[in-house]
Amino acid sequence: MLLAVSGLFGVVLSTLSAVHIYWALGGQLGLDKAVPTIDGKPAFQPGALLTLVVAGVLLGCAYVSLSLGFSHQFAMPYAHLAPYAGWALAVMFAVRAIGDFKLVGFFKKIKGSVFSTLDSTLYSPLCLVLSVGFAGLSWAAGA
């Protein structure tokens with residue numbers, strides 16, 4: 001089970017990283033569904049550099065996930081730190097799921113947009129699953 005969760009999280013987070021790289025390079029598909037809106041206008045305009053930073057963070061999250069599950073099979077650099085990073089990611093994804101009480105998360109106030117609907121049905125639940133999963137992976141890894 002540990003390997004399955006670790007591998008699935010690695011694939012999901014790597015895929016999300018690739019989508020952010022696509023957007024940073026100018027891709028538009030799905031971008032309108034990824035940014036919160038206020039009165040039909042984007043709440044912010046993420047630049048290419050910030051989007052690449054998010055892609056890098058997501059790729060790092062994938063590495064932590066794979067380190068938690070597969071470090072015994074492969075010599076992975078810094079794998080001994082993965083349980084601590086996993087706990088940090090569990091907290092980070094929980095905070096994202098809860099949200100900012102305005103635009104994102106389960107407790108957002110601004111609703112009715114395409115982003116808001118996807119956030120309530122997909123993005124925030126995914127963050128909650130990642131939070132619980134990283135806590136479980138970290139606990140299983142002994143930290």
# chains A, B, ... in the order shown; residues from 1 in each chain; ligands from 1
call {"tool": "residues_around", "arguments": {"residues": "Gly86 (chain A)", "least_positions_apart": "2", "cutoff": "8 Å", "atoms": "only C-alpha atoms", "output": "PDB file with C-alpha atoms, in the first residue's frame"}}
result
ATOM      1  CA  VAL A  64       9.427  13.612  -1.455  1.00  0.00           C
ATOM      2  CA  SER A  65       6.532  11.248  -2.108  1.00  0.00           C
ATOM      3  CA  LEU A  68       8.998   8.102   1.213  1.00  0.00           C
ATOM      4  CA  ALA A  82      11.848  12.820   3.399  1.00  0.00           C
ATOM      5  CA  PRO A  83       9.717  11.989   6.465  1.00  0.00           C
ATOM      6  CA  TYR A  84      10.214  15.498   7.856  1.00  0.00           C
ATOM      7  CA  ALA A  88       5.683  19.744   6.250  1.00  0.00           C
ATOM      8  CA  LEU A  89       3.825  18.928   3.026  1.00  0.00           C
ATOM      9  CA  ALA A  90       0.955  17.407   5.008  1.00  0.00           C
ATOM     10  CA  PHE A 134       1.676  12.668   3.209  1.00  0.00           C
ATOM     11  CA  ALA A 135       0.947  12.357   6.944  1.00  0.00           C
ATOM     12  CA  LEU A 137       3.516   8.176   4.357  1.00  0.00           C
ATOM     13  CA  SER A 138       5.627  10.138   6.838  1.00  0.00           C
TER      14      SER A 138
END
call {"tool": "closest_atom_pairs", "arguments": {"of": "region 49-78 of chain A", "to": "region 12-18 of chain A", "cutoff": "7 Å", "atoms": "only C-alpha atoms", "output": "CSV"}}
result
residue,atom,partner,partner_atom,distance
A:Ala55,CA,A:Ser17,CA,4.3
A:Gly56,CA,A:Ser17,CA,6.8
A:Leu58,CA,A:Ser17,CA,5.3
A:Leu59,CA,A:Ser14,CA,5.5
A:Cys61,CA,A:Leu13,CA,6.8
A:Ala62,CA,A:Leu13,CA,5.2
call {"tool": "write_last_selection", "arguments": {"atoms": "N, CA and C atoms", "output": "short mmCIF file (atom, residue, chain, number, x, y, z; two decimals), in the first residue's frame"}}
result
data_model
loop_
_atom_site.label_atom_id
_atom_site.label_comp_id
_atom_site.auth_asym_id
_atom_site.auth_seq_id
_atom_site.Cartn_x
_atom_site.Cartn_y
_atom_site.Cartn_z
N ALA A 55 5.72 24.98 -10.39
CA ALA A 55 6.05 23.71 -11.03
C ALA A 55 7.21 23.02 -10.32
N GLY A 56 8.22 23.80 -9.94
CA GLY A 56 9.36 23.24 -9.21
C GLY A 56 8.97 22.71 -7.84
N LEU A 58 5.99 21.62 -6.97
CA LEU A 58 5.22 20.40 -7.20
C LEU A 58 6.13 19.21 -7.54
N LEU A 59 7.16 19.47 -8.33
CA LEU A 59 8.11 18.40 -8.65
C LEU A 59 8.87 17.97 -7.40
N CYS A 61 7.64 18.08 -4.39
CA CYS A 61 6.66 17.29 -3.64
C CYS A 61 6.60 15.85 -4.17
N ALA A 62 6.66 15.71 -5.49
CA ALA A 62 6.67 14.37 -6.09
C ALA A 62 7.90 13.60 -5.64
#
call {"tool": "atom_distance", "arguments": {"atom1": "CA of Leu8 (chain A)", "atom2": "CA of Val129 (chain A)"}}
result
11.6 Å
call {"tool": "residues_around", "arguments": {"residues": "Ile110 (chain A)", "least_positions_apart": "6", "cutoff": "9 Å", "atoms": "only C-alpha atoms", "output": "number ranges by chain"}}
result
A: 37-38, 101-104, 116
call {"tool": "write_last_selection", "arguments": {"atoms": "N, CA and C atoms", "output": "CSV table (one decimal), in the first residue's frame"}}
result
chain,number,residue,atom,x,y,z
A,37,THR,N,-11.4,33.9,-9.7
A,37,THR,CA,-11.9,35.1,-10.3
A,37,THR,C,-12.8,35.9,-9.3
A,38,ILE,N,-12.9,37.2,-9.5
A,38,ILE,CA,-13.8,38.1,-8.8
A,38,ILE,C,-14.6,38.9,-9.8
A,101,PHE,N,-10.1,31.7,3.2
A,101,PHE,CA,-11.4,32.2,3.6
A,101,PHE,C,-12.0,33.3,2.7
A,102,LYS,N,-11.3,33.4,1.6
A,102,LYS,CA,-11.9,34.4,0.6
A,102,LYS,C,-12.0,33.8,-0.8
A,103,LEU,N,-10.9,33.3,-1.4
A,103,LEU,CA,-10.9,32.9,-2.8
A,103,LEU,C,-10.7,31.4,-3.0
A,104,VAL,N,-10.0,30.7,-2.1
A,104,VAL,CA,-9.7,29.3,-2.3
A,104,VAL,C,-10.0,28.5,-1.0
A,116,SER,N,-14.3,28.4,-8.6
A,116,SER,CA,-14.9,28.1,-7.3
A,116,SER,C,-15.5,26.7,-7.3
call {"tool": "residues_around", "arguments": {"residues": "Leu3 (chain A)", "least_positions_apart": "6", "cutoff": "12 Å", "atoms": "only C-alpha atoms", "output": "count of residues only"}}
result
16
call {"tool": "closest_residue", "arguments": {"among": "A:Arg96, A:Pro77, A:Gly142, A:Met1", "to": "Ser124 (chain A)", "atoms": "only C-alpha atoms"}}
result
A:Arg96
call {"tool": "select_by_dssp", "arguments": {"residues": "chain A", "states": "alpha helix (DSSP H)", "output": "ChimeraX atom specification"}}
result
/A:2-24,48-70,82-98,114-118,124-140
call {"tool": "write_last_selection", "arguments": {"atoms": "C-alpha atoms", "output": "PDB file, in the first residue's frame"}}
result
ATOM      1  CA  LEU A   2       2.846   2.380   0.869  1.00  0.00           C
ATOM      2  CA  LEU A   3       4.402   1.960  -2.575  1.00  0.00           C
ATOM      3  CA  ALA A   4       1.055   2.417  -4.327  1.00  0.00           C
ATOM      4  CA  VAL A   5       0.224   5.665  -2.514  1.00  0.00           C
ATOM      5  CA  SER A   6       3.755   6.976  -2.918  1.00  0.00           C
ATOM      6  CA  GLY A   7       3.792   6.144  -6.634  1.00  0.00           C
ATOM      7  CA  LEU A   8       0.312   7.564  -7.261  1.00  0.00           C
ATOM      8  CA  PHE A   9       1.197  10.814  -5.496  1.00  0.00           C
ATOM      9  CA  GLY A  10       4.426  10.984  -7.489  1.00  0.00           C
ATOM     10  CA  VAL A  11       2.539  10.639 -10.768  1.00  0.00           C
ATOM     11  CA  VAL A  12      -0.186  13.145  -9.803  1.00  0.00           C
ATOM     12  CA  LEU A  13       2.272  15.770  -8.552  1.00  0.00           C
ATOM     13  CA  SER A  14       4.613  15.314 -11.534  1.00  0.00           C
ATOM     14  CA  THR A  15       1.675  15.707 -13.896  1.00  0.00           C
ATOM     15  CA  LEU A  16       0.570  18.889 -12.132  1.00  0.00           C
ATOM     16  CA  SER A  17       4.154  20.150 -12.412  1.00  0.00           C
ATOM     17  CA  ALA A  18       4.139  19.458 -16.155  1.00  0.00           C
ATOM     18  CA  VAL A  19       0.841  21.361 -16.533  1.00  0.00           C
ATOM     19  CA  HIS A  20       2.379  24.374 -14.770  1.00  0.00           C
ATOM     20  CA  ILE A  21       5.419  24.225 -17.043  1.00  0.00           C
ATOM     21  CA  TYR A  22       3.050  24.164 -20.034  1.00  0.00           C
ATOM     22  CA  TRP A  23       1.313  27.289 -18.697  1.00  0.00           C
ATOM     23  CA  ALA A  24       4.645  29.016 -17.966  1.00  0.00           C
ATOM     24  CA  ALA A  48       5.840  32.754 -16.064  1.00  0.00           C
ATOM     25  CA  LEU A  49       8.489  32.850 -13.322  1.00  0.00           C
ATOM     26  CA  LEU A  50       5.993  32.302 -10.491  1.00  0.00           C
ATOM     27  CA  THR A  51       4.329  29.519 -12.458  1.00  0.00           C
ATOM     28  CA  LEU A  52       7.722  27.838 -12.936  1.00  0.00           C
ATOM     29  CA  VAL A  53       8.377  28.151  -9.202  1.00  0.00           C
ATOM     30  CA  VAL A  54       5.063  26.395  -8.507  1.00  0.00           C
ATOM     31  CA  ALA A  55       6.052  23.707 -11.034  1.00  0.00           C
ATOM     32  CA  GLY A  56       9.359  23.237  -9.214  1.00  0.00           C
ATOM     33  CA  VAL A  57       7.647  22.987  -5.831  1.00  0.00           C
ATOM     34  CA  LEU A  58       5.220  20.397  -7.200  1.00  0.00           C
ATOM     35  CA  LEU A  59       8.108  18.402  -8.653  1.00  0.00           C
ATOM     36  CA  GLY A  60       9.840  18.582  -5.280  1.00  0.00           C
ATOM     37  CA  CYS A  61       6.657  17.288  -3.644  1.00  0.00           C
ATOM     38  CA  ALA A  62       6.669  14.372  -6.093  1.00  0.00           C
ATOM     39  CA  TYR A  63      10.286  13.621  -5.162  1.00  0.00           C
ATOM     40  CA  VAL A  64       9.427  13.612  -1.455  1.00  0.00           C
ATOM     41  CA  SER A  65       6.532  11.248  -2.108  1.00  0.00           C
ATOM     42  CA  LEU A  66       8.685   8.869  -4.111  1.00  0.00           C
ATOM     43  CA  SER A  67      11.453   9.091  -1.507  1.00  0.00           C
ATOM     44  CA  LEU A  68       8.998   8.102   1.213  1.00  0.00           C
ATOM     45  CA  GLY A  69       7.902   5.021  -0.697  1.00  0.00           C
ATOM     46  CA  PHE A  70      10.910   3.904  -2.673  1.00  0.00           C
ATOM     47  CA  ALA A  82      11.848  12.820   3.399  1.00  0.00           C
ATOM     48  CA  PRO A  83       9.717  11.989   6.465  1.00  0.00           C
ATOM     49  CA  TYR A  84      10.214  15.498   7.856  1.00  0.00           C
ATOM     50  CA  ALA A  85       9.493  17.061   4.473  1.00  0.00           C
ATOM     51  CA  GLY A  86       6.432  14.818   4.237  1.00  0.00           C
ATOM     52  CA  TRP A  87       5.051  16.201   7.501  1.00  0.00           C
ATOM     53  CA  ALA A  88       5.683  19.744   6.250  1.00  0.00           C
ATOM     54  CA  LEU A  89       3.825  18.928   3.026  1.00  0.00           C
ATOM     55  CA  ALA A  90       0.955  17.407   5.008  1.00  0.00           C
ATOM     56  CA  VAL A  91       0.575  20.736   6.816  1.00  0.00           C
ATOM     57  CA  MET A  92       0.997  22.755   3.603  1.00  0.00           C
ATOM     58  CA  PHE A  93      -1.677  20.811   1.724  1.00  0.00           C
ATOM     59  CA  ALA A  94      -4.035  20.972   4.749  1.00  0.00           C
ATOM     60  CA  VAL A  95      -3.649  24.751   4.838  1.00  0.00           C
ATOM     61  CA  ARG A  96      -4.386  24.913   1.091  1.00  0.00           C
ATOM     62  CA  ALA A  97      -7.472  22.732   1.533  1.00  0.00           C
ATOM     63  CA  ILE A  98      -8.763  24.962   4.334  1.00  0.00           C
ATOM     64  CA  VAL A 114     -15.941  27.996 -12.681  1.00  0.00           C
ATOM     65  CA  PHE A 115     -12.804  28.100 -10.524  1.00  0.00           C
ATOM     66  CA  SER A 116     -14.858  28.111  -7.320  1.00  0.00           C
ATOM     67  CA  THR A 117     -16.820  25.056  -8.413  1.00  0.00           C
ATOM     68  CA  LEU A 118     -13.661  23.171  -9.414  1.00  0.00           C
ATOM     69  CA  SER A 124      -9.431  21.362  -2.301  1.00  0.00           C
ATOM     70  CA  PRO A 125     -10.419  17.681  -1.943  1.00  0.00           C
ATOM     71  CA  LEU A 126      -7.204  16.719  -3.758  1.00  0.00           C
ATOM     72  CA  CYS A 127      -5.207  18.854  -1.329  1.00  0.00           C
ATOM     73  CA  LEU A 128      -6.971  17.181   1.596  1.00  0.00           C
ATOM     74  CA  VAL A 129      -6.154  13.720   0.213  1.00  0.00           C
ATOM     75  CA  LEU A 130      -2.534  14.770  -0.329  1.00  0.00           C
ATOM     76  CA  SER A 131      -2.377  16.119   3.222  1.00  0.00           C
ATOM     77  CA  VAL A 132      -3.685  12.926   4.796  1.00  0.00           C
ATOM     78  CA  GLY A 133      -1.563  10.829   2.445  1.00  0.00           C
ATOM     79  CA  PHE A 134       1.676  12.668   3.209  1.00  0.00           C
ATOM     80  CA  ALA A 135       0.947  12.357   6.944  1.00  0.00           C
ATOM     81  CA  GLY A 136       0.414   8.619   6.500  1.00  0.00           C
ATOM     82  CA  LEU A 137       3.516   8.176   4.357  1.00  0.00           C
ATOM     83  CA  SER A 138       5.627  10.138   6.838  1.00  0.00           C
ATOM     84  CA  TRP A 139       4.255   8.204   9.784  1.00  0.00           C
ATOM     85  CA  ALA A 140       4.928   4.906   8.012  1.00  0.00           C
TER      86      ALA A 140
END
call {"tool": "atom_distance", "arguments": {"atom1": "CA of Asp100 (chain A)", "atom2": "CA of Gly40 (chain A)"}}
result
19.1 Å
call {"tool": "atom_distance", "arguments": {"atom1": "CA of Gly112 (chain A)", "atom2": "CA of Asp32 (chain A)"}}
result
14.4 Å
call {"tool": "select_by_dssp", "arguments": {"residues": "region 11-110 of chain A", "states": "strand (DSSP E or B)", "output": "PyMOL selection string"}}
result
chain A and resi 37-38+41-42
